[in-house]
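> So here's final-v3.pdb (PDB, C-alpha atoms, pLDDT in the B column).
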```
ATOM      1  CA  MET A   1     -73.549-124.538  26.259  1.00 37.00           C
ATOM      2  CA  ARG A   2     -75.210-121.371  27.379  1.00 43.00           C
ATOM      3  CA  THR A   3     -78.440-119.774  28.427  1.00 52.00           C
ATOM      4  CA  THR A   4     -80.241-117.405  26.073  1.00 74.00           C
ATOM      5  CA  ALA A   5     -77.622-115.279  24.335  1.00 84.00           C
ATOM      6  CA  LYS A   6     -77.664-111.547  25.032  1.00 89.00           C
ATOM      7  CA  VAL A   7     -76.542-109.221  22.247  1.00 94.00           C
ATOM      8  CA  LEU A   8     -75.800-105.497  22.362  1.00 96.00           C
ATOM      9  CA  VAL A   9     -76.638-103.563  19.187  1.00 97.00           C
ATOM     10  CA  VAL A  10     -74.765-100.251  18.893  1.00 98.00           C
ATOM     11  CA  GLU A  11     -76.289 -98.420  15.929  1.00 97.00           C
ATOM     12  CA  ASP A  12     -77.280 -94.737  15.791  1.00 96.00           C
ATOM     13  CA  GLU A  13     -79.888 -95.103  13.029  1.00 96.00           C
ATOM     14  CA  LYS A  14     -82.901 -96.092  15.114  1.00 95.00           C
ATOM     15  CA  ALA A  15     -84.891 -97.552  12.217  1.00 95.00           C
ATOM     16  CA  LEU A  16     -81.960 -99.770  11.217  1.00 96.00           C
ATOM     17  CA  SER A  17     -81.362-100.700  14.847  1.00 96.00           C
ATOM     18  CA  ALA A  18     -84.993-101.815  15.130  1.00 95.00           C
ATOM     19  CA  ASP A  19     -84.632-103.886  11.954  1.00 95.00           C
ATOM     20  CA  ILE A  20     -81.516-105.601  13.318  1.00 96.00           C
ATOM     21  CA  VAL A  21     -83.245-106.329  16.615  1.00 95.00           C
ATOM     22  CA  GLU A  22     -86.250-107.810  14.810  1.00 94.00           C
ATOM     23  CA  LEU A  23     -83.924-109.958  12.698  1.00 93.00           C
ATOM     24  CA  ILE A  24     -81.884-111.478  15.523  1.00 93.00           C
ATOM     25  CA  GLU A  25     -84.548-111.671  18.256  1.00 89.00           C
ATOM     26  CA  PRO A  26     -85.341-115.327  17.440  1.00 85.00           C
ATOM     27  CA  ILE A  27     -81.839-116.340  18.585  1.00 84.00           C
ATOM     28  CA  CYS A  28     -81.082-113.885  21.375  1.00 87.00           C
ATOM     29  CA  GLU A  29     -82.175-111.114  23.718  1.00 88.00           C
ATOM     30  CA  THR A  30     -81.140-107.628  22.659  1.00 93.00           C
ATOM     31  CA  THR A  31     -80.140-104.315  24.209  1.00 94.00           C
ATOM     32  CA  THR A  32     -79.641-101.204  22.088  1.00 96.00           C
ATOM     33  CA  ALA A  33     -77.364 -98.170  22.258  1.00 96.00           C
ATOM     34  CA  PHE A  34     -77.480 -95.221  19.875  1.00 97.00           C
ATOM     35  CA  ASP A  35     -74.135 -93.478  20.434  1.00 96.00           C
ATOM     36  CA  GLY A  36     -70.567 -94.385  21.235  1.00 95.00           C
ATOM     37  CA  GLU A  37     -70.533 -93.329  24.884  1.00 95.00           C
ATOM     38  CA  GLN A  38     -73.666 -95.272  25.763  1.00 95.00           C
ATOM     39  CA  GLY A  39     -72.398 -98.227  23.757  1.00 96.00           C
ATOM     40  CA  GLU A  40     -69.073 -98.259  25.561  1.00 96.00           C
ATOM     41  CA  PHE A  41     -70.729 -98.010  28.967  1.00 95.00           C
ATOM     42  CA  LEU A  42     -72.939-101.006  28.236  1.00 95.00           C
ATOM     43  CA  ALA A  43     -70.236-103.032  26.470  1.00 95.00           C
ATOM     44  CA  SER A  44     -67.733-102.471  29.271  1.00 93.00           C
ATOM     45  CA  GLN A  45     -70.003-104.247  31.775  1.00 89.00           C
ATOM     46  CA  GLY A  46     -69.030-107.590  30.237  1.00 86.00           C
ATOM     47  CA  VAL A  47     -72.536-109.077  30.460  1.00 87.00           C
ATOM     48  CA  PHE A  48     -73.221-109.531  26.741  1.00 92.00           C
ATOM     49  CA  ASP A  49     -72.439-112.564  24.633  1.00 90.00           C
ATOM     50  CA  ALA A  50     -71.896-110.576  21.433  1.00 94.00           C
ATOM     51  CA  ILE A  51     -71.937-106.986  20.153  1.00 97.00           C
ATOM     52  CA  ILE A  52     -73.062-105.669  16.773  1.00 98.00           C
ATOM     53  CA  LEU A  53     -71.163-102.420  16.318  1.00 97.00           C
ATOM     54  CA  ASP A  54     -71.516 -99.580  13.828  1.00 97.00           C
ATOM     55  CA  LEU A  55     -68.309 -97.591  13.287  1.00 95.00           C
ATOM     56  CA  MET A  56     -69.702 -94.148  12.433  1.00 94.00           C
ATOM     57  CA  LEU A  57     -71.420 -93.197  15.682  1.00 95.00           C
ATOM     58  CA  PRO A  58     -72.152 -89.780  17.208  1.00 94.00           C
ATOM     59  CA  GLY A  59     -69.640 -88.846  19.879  1.00 90.00           C
ATOM     60  CA  GLU A  60     -67.211 -91.711  20.260  1.00 93.00           C
ATOM     61  CA  SER A  61     -66.518 -93.737  17.131  1.00 95.00           C
ATOM     62  CA  GLY A  62     -67.081 -97.468  16.963  1.00 96.00           C
ATOM     63  CA  LEU A  63     -63.359 -98.144  16.589  1.00 96.00           C
ATOM     64  CA  ASP A  64     -62.576 -96.081  19.681  1.00 96.00           C
ATOM     65  CA  LEU A  65     -65.280 -97.973  21.543  1.00 97.00           C
ATOM     66  CA  LEU A  66     -63.772-101.269  20.422  1.00 96.00           C
ATOM     67  CA  LEU A  67     -60.241-100.274  21.418  1.00 96.00           C
ATOM     68  CA  HIS A  68     -61.390 -99.033  24.824  1.00 96.00           C
ATOM     69  CA  ILE A  69     -63.289-102.182  25.793  1.00 95.00           C
ATOM     70  CA  ARG A  70     -60.447-104.418  24.566  1.00 95.00           C
ATOM     71  CA  ASN A  71     -57.998-102.366  26.662  1.00 94.00           C
ATOM     72  CA  GLN A  72     -60.328-102.915  29.623  1.00 93.00           C
ATOM     73  CA  GLY A  73     -60.065-106.669  29.092  1.00 90.00           C
ATOM     74  CA  VAL A  74     -63.588-107.135  27.719  1.00 91.00           C
ATOM     75  CA  LYS A  75     -63.441-110.140  25.380  1.00 89.00           C
ATOM     76  CA  THR A  76     -67.047-110.055  24.157  1.00 92.00           C
ATOM     77  CA  PRO A  77     -67.156-111.047  20.453  1.00 93.00           C
ATOM     78  CA  VAL A  78     -67.765-108.008  18.229  1.00 96.00           C
ATOM     79  CA  LEU A  79     -69.310-108.013  14.764  1.00 97.00           C
ATOM     80  CA  ILE A  80     -68.702-104.703  13.007  1.00 97.00           C
ATOM     81  CA  LEU A  81     -71.607-103.597  10.792  1.00 96.00           C
ATOM     82  CA  THR A  82     -70.645-100.542   8.771  1.00 95.00           C
ATOM     83  CA  ALA A  83     -70.665 -98.739   5.436  1.00 94.00           C
ATOM     84  CA  LYS A  84     -66.850 -98.498   5.561  1.00 93.00           C
ATOM     85  CA  ASP A  85     -65.975-101.203   3.051  1.00 91.00           C
ATOM     86  CA  THR A  86     -62.355-100.805   1.964  1.00 93.00           C
ATOM     87  CA  ILE A  87     -59.731-103.445   2.692  1.00 94.00           C
ATOM     88  CA  ALA A  88     -57.912-100.927   4.889  1.00 94.00           C
ATOM     89  CA  ASP A  89     -61.087-100.380   6.938  1.00 93.00           C
ATOM     90  CA  LYS A  90     -61.603-104.101   7.375  1.00 94.00           C
ATOM     91  CA  LEU A  91     -57.993-104.745   8.340  1.00 95.00           C
ATOM     92  CA  ARG A  92     -58.118-101.965  10.912  1.00 94.00           C
ATOM     93  CA  GLY A  93     -61.326-103.363  12.351  1.00 94.00           C
ATOM     94  CA  PHE A  94     -59.839-106.824  12.774  1.00 94.00           C
ATOM     95  CA  ASN A  95     -56.551-105.448  14.090  1.00 94.00           C
ATOM     96  CA  ASP A  96     -58.434-103.419  16.687  1.00 94.00           C
ATOM     97  CA  GLY A  97     -60.209-106.512  17.996  1.00 94.00           C
ATOM     98  CA  ALA A  98     -63.262-107.258  15.844  1.00 95.00           C
ATOM     99  CA  ASP A  99     -64.306-110.876  15.362  1.00 94.00           C
ATOM    100  CA  ASP A 100     -66.313-110.365  12.168  1.00 95.00           C
ATOM    101  CA  TYR A 101     -66.988-107.574   9.696  1.00 95.00           C
ATOM    102  CA  VAL A 102     -70.128-107.036   7.586  1.00 94.00           C
ATOM    103  CA  THR A 103     -70.601-104.063   5.258  1.00 94.00           C
ATOM    104  CA  LYS A 104     -73.753-102.046   4.598  1.00 94.00           C
ATOM    105  CA  PRO A 105     -75.978-102.499   2.731  1.00 91.00           C
ATOM    106  CA  PHE A 106     -76.213-106.082   3.914  1.00 92.00           C
ATOM    107  CA  HIS A 107     -78.402-109.084   3.231  1.00 92.00           C
ATOM    108  CA  ARG A 108     -80.553-109.942   6.249  1.00 91.00           C
ATOM    109  CA  GLU A 109     -79.926-113.666   5.790  1.00 91.00           C
ATOM    110  CA  GLU A 110     -76.166-113.108   5.797  1.00 92.00           C
ATOM    111  CA  LEU A 111     -76.177-111.013   8.967  1.00 93.00           C
ATOM    112  CA  LEU A 112     -78.312-113.584  10.778  1.00 92.00           C
ATOM    113  CA  ALA A 113     -76.052-116.401   9.580  1.00 91.00           C
ATOM    114  CA  ARG A 114     -72.941-114.494  10.679  1.00 91.00           C
ATOM    115  CA  MET A 115     -74.440-113.883  14.127  1.00 91.00           C
ATOM    116  CA  LYS A 116     -75.397-117.532  14.515  1.00 88.00           C
ATOM    117  CA  ALA A 117     -71.917-118.610  13.479  1.00 87.00           C
ATOM    118  CA  LEU A 118     -70.272-116.153  15.873  1.00 88.00           C
ATOM    119  CA  LEU A 119     -72.417-117.218  18.815  1.00 86.00           C
ATOM    120  CA  LYS A 120     -71.914-120.911  18.057  1.00 81.00           C
ATOM    121  CA  ARG A 121     -68.161-120.493  17.654  1.00 79.00           C
ATOM    122  CA  THR A 122     -67.875-118.862  21.053  1.00 72.00           C
ATOM    123  CA  GLY A 123     -70.224-121.327  22.762  1.00 68.00           C
ATOM    124  CA  HIS A 124     -73.152-118.945  23.255  1.00 67.00           C
ATOM    125  CA  LEU A 125     -75.578-120.673  20.906  1.00 65.00           C
ATOM    126  CA  ASN A 126     -76.193-124.400  20.823  1.00 58.00           C
ATOM    127  CA  SER A 127     -78.816-126.680  19.379  1.00 52.00           C
ATOM    128  CA  SER A 128     -79.211-128.292  22.789  1.00 58.00           C
ATOM    129  CA  ASP A 129     -81.318-126.655  25.498  1.00 70.00           C
ATOM    130  CA  THR A 130     -79.443-128.446  28.272  1.00 78.00           C
ATOM    131  CA  ILE A 131     -76.622-127.087  30.411  1.00 80.00           C
ATOM    132  CA  ALA A 132     -74.872-129.610  32.657  1.00 82.00           C
ATOM    133  CA  LEU A 133     -72.324-129.356  35.450  1.00 86.00           C
ATOM    134  CA  GLY A 134     -71.587-132.376  37.575  1.00 84.00           C
ATOM    135  CA  GLN A 135     -74.923-134.025  38.395  1.00 86.00           C
ATOM    136  CA  LEU A 136     -76.821-130.775  37.861  1.00 88.00           C
ATOM    137  CA  GLU A 137     -78.732-130.352  34.605  1.00 88.00           C
ATOM    138  CA  ILE A 138     -80.626-127.277  33.437  1.00 86.00           C
ATOM    139  CA  ASN A 139     -83.105-127.304  30.574  1.00 83.00           C
ATOM    140  CA  THR A 140     -83.507-123.687  29.527  1.00 78.00           C
ATOM    141  CA  SER A 141     -86.480-124.204  27.217  1.00 73.00           C
ATOM    142  CA  LYS A 142     -88.495-126.072  29.863  1.00 79.00           C
ATOM    143  CA  HIS A 143     -87.225-123.838  32.670  1.00 82.00           C
ATOM    144  CA  LEU A 144     -86.320-126.961  34.624  1.00 88.00           C
ATOM    145  CA  ALA A 145     -83.307-127.721  36.826  1.00 89.00           C
ATOM    146  CA  THR A 146     -82.578-131.191  38.208  1.00 90.00           C
ATOM    147  CA  PHE A 147     -79.907-132.622  40.479  1.00 89.00           C
ATOM    148  CA  ASN A 148     -79.211-136.327  40.110  1.00 86.00           C
ATOM    149  CA  GLY A 149     -82.540-136.569  38.258  1.00 86.00           C
ATOM    150  CA  ALA A 150     -84.622-134.900  40.982  1.00 89.00           C
ATOM    151  CA  PRO A 151     -86.187-131.499  40.169  1.00 89.00           C
ATOM    152  CA  LEU A 152     -85.092-128.380  42.024  1.00 90.00           C
ATOM    153  CA  THR A 153     -87.774-125.908  43.050  1.00 90.00           C
ATOM    154  CA  LEU A 154     -86.459-122.569  41.867  1.00 90.00           C
ATOM    155  CA  LYS A 155     -88.481-119.388  41.766  1.00 85.00           C
ATOM    156  CA  GLY A 156     -88.184-116.606  39.198  1.00 82.00           C
ATOM    157  CA  ARG A 157     -84.658-115.324  38.880  1.00 89.00           C
ATOM    158  CA  GLU A 158     -83.262-118.126  41.056  1.00 91.00           C
ATOM    159  CA  PHE A 159     -83.414-120.281  37.931  1.00 91.00           C
ATOM    160  CA  ASP A 160     -81.875-117.544  35.790  1.00 89.00           C
ATOM    161  CA  LEU A 161     -79.079-117.012  38.299  1.00 91.00           C
ATOM    162  CA  LEU A 162     -78.243-120.701  38.510  1.00 91.00           C
ATOM    163  CA  ALA A 163     -78.302-121.042  34.724  1.00 87.00           C
ATOM    164  CA  TYR A 164     -76.013-118.036  34.303  1.00 87.00           C
ATOM    165  CA  LEU A 165     -73.490-119.374  36.820  1.00 88.00           C
ATOM    166  CA  VAL A 166     -73.542-122.946  35.538  1.00 86.00           C
ATOM    167  CA  ALA A 167     -73.125-121.732  31.969  1.00 81.00           C
ATOM    168  CA  ASN A 168     -69.871-120.074  33.069  1.00 82.00           C
ATOM    169  CA  PRO A 169     -68.154-122.710  35.267  1.00 84.00           C
ATOM    170  CA  GLY A 170     -64.847-121.742  36.785  1.00 84.00           C
ATOM    171  CA  THR A 171     -65.337-118.089  35.821  1.00 85.00           C
ATOM    172  CA  ILE A 172     -65.515-115.299  38.382  1.00 87.00           C
ATOM    173  CA  ILE A 173     -68.689-113.293  37.774  1.00 89.00           C
ATOM    174  CA  THR A 174     -69.061-110.006  39.584  1.00 90.00           C
ATOM    175  CA  LYS A 175     -72.118-108.976  41.544  1.00 91.00           C
ATOM    176  CA  GLU A 176     -72.585-106.097  39.107  1.00 89.00           C
ATOM    177  CA  GLN A 177     -72.507-108.436  36.094  1.00 88.00           C
ATOM    178  CA  ILE A 178     -75.159-110.661  37.654  1.00 90.00           C
ATOM    179  CA  PHE A 179     -77.341-107.677  38.543  1.00 90.00           C
ATOM    180  CA  ASN A 180     -77.052-106.048  35.125  1.00 86.00           C
ATOM    181  CA  ARG A 181     -77.724-109.287  33.267  1.00 85.00           C
ATOM    182  CA  LEU A 182     -80.656-110.511  35.372  1.00 87.00           C
ATOM    183  CA  TRP A 183     -82.282-107.303  36.599  1.00 87.00           C
ATOM    184  CA  GLY A 184     -81.081-104.829  33.973  1.00 81.00           C
ATOM    185  CA  PHE A 185     -79.070-101.617  33.997  1.00 76.00           C
ATOM    186  CA  ASP A 186     -82.119 -99.453  34.661  1.00 75.00           C
ATOM    187  CA  SER A 187     -83.550-101.513  37.507  1.00 81.00           C
ATOM    188  CA  GLU A 188     -84.374 -99.617  40.687  1.00 83.00           C
ATOM    189  CA  THR A 189     -83.738-102.762  42.735  1.00 86.00           C
ATOM    190  CA  SER A 190     -80.783-102.612  45.124  1.00 88.00           C
ATOM    191  CA  LEU A 191     -77.560-104.435  44.214  1.00 89.00           C
ATOM    192  CA  SER A 192     -77.890-106.349  47.499  1.00 90.00           C
ATOM    193  CA  VAL A 193     -80.651-108.429  45.887  1.00 92.00           C
ATOM    194  CA  VAL A 194     -77.879-110.530  44.331  1.00 92.00           C
ATOM    195  CA  GLU A 195     -76.647-111.596  47.779  1.00 92.00           C
ATOM    196  CA  VAL A 196     -80.187-112.558  48.787  1.00 92.00           C
ATOM    197  CA  TYR A 197     -80.646-114.724  45.705  1.00 92.00           C
ATOM    198  CA  MET A 198     -77.207-116.312  46.093  1.00 93.00           C
ATOM    199  CA  SER A 199     -78.040-117.214  49.695  1.00 92.00           C
ATOM    200  CA  ASN A 200     -81.376-118.756  48.708  1.00 92.00           C
ATOM    201  CA  LEU A 201     -79.739-120.667  45.875  1.00 92.00           C
ATOM    202  CA  ARG A 202     -77.049-122.120  48.136  1.00 91.00           C
ATOM    203  CA  LYS A 203     -79.698-123.288  50.617  1.00 91.00           C
ATOM    204  CA  LYS A 204     -81.749-125.007  47.909  1.00 91.00           C
ATOM    205  CA  LEU A 205     -78.724-126.730  46.402  1.00 90.00           C
ATOM    206  CA  LYS A 206     -77.606-127.913  49.833  1.00 88.00           C
ATOM    207  CA  HIS A 207     -81.107-129.188  50.606  1.00 88.00           C
ATOM    208  CA  ALA A 208     -81.053-131.138  47.341  1.00 87.00           C
ATOM    209  CA  GLY A 209     -77.731-132.716  48.280  1.00 88.00           C
ATOM    210  CA  SER A 210     -75.816-130.930  45.531  1.00 85.00           C
ATOM    211  CA  ASP A 211     -72.060-130.874  45.927  1.00 80.00           C
ATOM    212  CA  LEU A 212     -71.580-127.941  43.576  1.00 84.00           C
ATOM    213  CA  SER A 213     -69.579-125.119  45.094  1.00 85.00           C
ATOM    214  CA  LEU A 214     -71.000-121.590  44.816  1.00 88.00           C
ATOM    215  CA  ARG A 215     -68.065-119.663  46.206  1.00 89.00           C
ATOM    216  CA  THR A 216     -67.796-115.994  47.018  1.00 90.00           C
ATOM    217  CA  ILE A 217     -64.447-114.552  45.965  1.00 89.00           C
ATOM    218  CA  ARG A 218     -63.832-111.581  48.215  1.00 87.00           C
ATOM    219  CA  ASN A 219     -63.802-108.239  46.411  1.00 85.00           C
ATOM    220  CA  ALA A 220     -64.230-110.053  43.089  1.00 86.00           C
ATOM    221  CA  GLY A 221     -67.515-111.931  42.731  1.00 90.00           C
ATOM    222  CA  TYR A 222     -68.851-115.465  42.593  1.00 92.00           C
ATOM    223  CA  ILE A 223     -67.713-118.691  40.980  1.00 90.00           C
ATOM    224  CA  VAL A 224     -69.398-122.065  40.516  1.00 89.00           C
ATOM    225  CA  GLU A 225     -67.349-125.258  40.398  1.00 85.00           C
ATOM    226  CA  ALA A 226     -68.081-128.972  40.152  1.00 78.00           C
ATOM    227  CA  PRO A 227     -66.481-131.208  42.832  1.00 71.00           C
ATOM    228  CA  ASP A 228     -63.681-132.440  40.560  1.00 65.00           C
ATOM    229  CA  GLU A 229     -62.768-128.851  39.606  1.00 54.00           C
ATOM    230  CA  GLN A 230     -62.287-127.538  43.129  1.00 50.00           C
TER     231      GLN A 230
END
```
Turn this file's structure into structure tokens for me.

Amino acid sequence: MRTTAKVLVVEDEKALSADIVELIEPICETTTAFDGEQGEFLASQGVFDAIILDLMLPGESGLDLLLHIRNQGVKTPVLILTAKDTIADKLRGFNDGADDYVTKPFHREELLARMKALLKRTGHLNSSDTIALGQLEINTSKHLATFNGAPLTLKGREFDLLAYLVANPGTIITKEQIFNRLWGFDSETSLSVVEVYMSNLRKKLKHAGSDLSLRTIRNAGYIVEAPDEQ
């Protein structure tokens, strides 16, 4: 189970992009890109839970974008949304690493259903609002974290940081991924803010008696593990 899903929409037609964002906003947070280069830069950060990708983009094509991020090891699920509707186009899209393929013009209900199915299938969308790891439970809708039933006092992005880590147990998450997801690519805040928040979070978990491990992996990032997974 995951925190609020984050979806990247790569579509050069700004009116259509706005329509897509309006359609899927009830189930996720969105970021938009309007050309291939910008889309690849954002997608390559690995902080999104899904990508909606047009193929006919200015500059770099959608297929090139897809191939590049897959070659970089980015496994983010990709739903291609395009006017290219032949069987050959679809087969190439899937062979290049797409997870789903929807052709334009599309029915709004179908696109929303496909996105829900994709996010559910990959564990990024769940009917439950609770994330659990060991004796730690996080209710994302109530913005409440408890350890062994006792509430944790977390301020602002401390809650978001803990939820992001706990939703990805056993996975190394880089400092850059945390910063880009929680503060945003355009934030003027220094990257060192992540270290400050990690330090505060460790202190609060220790004070609460939590035995979760928030480890720093040198030159890689951070990882959260329950006691029986260490």
> Residue by residue, what does the PyMOL selection byres ((chain A and resi 181-183) around 8) grab here? Present the result as a ChimeraX atom specification.
/A:47-48,157,160-161,177-180,184-185,187,189
> Just want the 12 Å neighbourhood of Gly97 of chain A, counted on only C-alpha atoms, with same-chain residues fewer than 5 positions away dropped. Output as a PyMOL selection string.
chain A and resi 51+53+62-71+73-80+90-92
> Show me, as an MDAnalysis selection string, the residues that have an atom within 9 Å of Glu158 of chain A when counting all atoms listed in the file, minus same-chain residues fewer than 6 positions from it.
chainID A and resid 197:198 200:201
> So, counting only C-alpha atoms, which residue among A:Thr4, A:Ser44, A:Asn148, A:Thr216 is closest to Cys28 of chain A?
A:Thr4
> Which of these, A:Ser61, A:Asp186, A:Arg215, A:Asp99, has the shortest distance to Arg121 of chain A once you count only C-alpha atoms?
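For Arg121 of chain A, the nearest of the given residues is A:Asp99.
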> Kindly indicate which residue among A:Gly209, A:Pro26, A:Pro58, A:Gly36 lies nearest to Pro151 of chain A, using all atoms listed in the file for the distances.
A:Gly209
> Could you tell me which of A:Asp12, A:Asp49, A:Glu176, A:Glu188 comes closest to Gly221 of chain A if we count only C-alpha atoms?
A:Glu176
> Which residue out of A:Lys6, A:Lys142, A:Lys175, A:His107 has the minimum interatomic distance to Tyr222 of chain A when only C-alpha atoms are used?
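Smallest distance to Tyr222 of chain A is found for A:Lys175.
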> Just the residues within 12 Å of Thr153 of chain A, please, counting all atoms listed in the file, with nothing from its chain fewer than 4 positions along; format it as a PyMOL selection string.
chain A and resi 143-147+157-159+162+200-201+203-205+207-208
> Using atom CA of Leu81 of chain A and atom CA of Lys104 of chain A as the two end points, give the distance in Å to one decimal.
6.7 Å
> To one decimal place, how far is atom CA of Thr103 of chain A from atom CA of Asp54 of chain A in Å?
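Distance reported for this atom pair: 9.7 Å.
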> Report as a list of chain:residue names the full result of the PyMOL selection byres ((chain A and resi 37) around 8) when it is applied to this structure.
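Evaluating the PyMOL selection byres ((chain A and resi 37) around 8) on this file yields A:Asp35, A:Gly36, A:Gln38, A:Gly39, A:Glu40, A:Phe41, A:Gly59, A:Glu60, A:Leu65.
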> Rounded to one decimal in Å, what is the spacing between atom CA of Glu11 of chain A and atom CA of Ala83 of chain A?
11.9 Å
> Counting only C-alpha atoms, which of A:Ala132, A:Val166, A:Ala117, A:Ile172 gets nearest to Ile27 of chain A?
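Distance minimum relative to Ile27 of chain A lands on A:Ala117.
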> I'd like the residues picked by the PyMOL selection byres ((chain A and resi 9) around 9) written out as a PDB file with C-alpha atoms, keeping the file's coordinate frame, using the chain letters and numbers from the file.

```pdb
ATOM      1  CA  VAL A   7     -76.542-109.221  22.247  1.00 94.00           C
ATOM      2  CA  LEU A   8     -75.800-105.497  22.362  1.00 96.00           C
ATOM      3  CA  VAL A  10     -74.765-100.251  18.893  1.00 98.00           C
ATOM      4  CA  GLU A  11     -76.289 -98.420  15.929  1.00 97.00           C
ATOM      5  CA  SER A  17     -81.362-100.700  14.847  1.00 96.00           C
ATOM      6  CA  ILE A  20     -81.516-105.601  13.318  1.00 96.00           C
ATOM      7  CA  VAL A  21     -83.245-106.329  16.615  1.00 95.00           C
ATOM      8  CA  THR A  30     -81.140-107.628  22.659  1.00 93.00           C
ATOM      9  CA  THR A  31     -80.140-104.315  24.209  1.00 94.00           C
ATOM     10  CA  THR A  32     -79.641-101.204  22.088  1.00 96.00           C
ATOM     11  CA  ALA A  33     -77.364 -98.170  22.258  1.00 96.00           C
ATOM     12  CA  PHE A  34     -77.480 -95.221  19.875  1.00 97.00           C
ATOM     13  CA  GLY A  39     -72.398 -98.227  23.757  1.00 96.00           C
ATOM     14  CA  ALA A  50     -71.896-110.576  21.433  1.00 94.00           C
ATOM     15  CA  ILE A  51     -71.937-106.986  20.153  1.00 97.00           C
ATOM     16  CA  ILE A  52     -73.062-105.669  16.773  1.00 98.00           C
ATOM     17  CA  LEU A  53     -71.163-102.420  16.318  1.00 97.00           C
ATOM     18  CA  ASP A  54     -71.516 -99.580  13.828  1.00 97.00           C
TER      19      ASP A  54
END
```
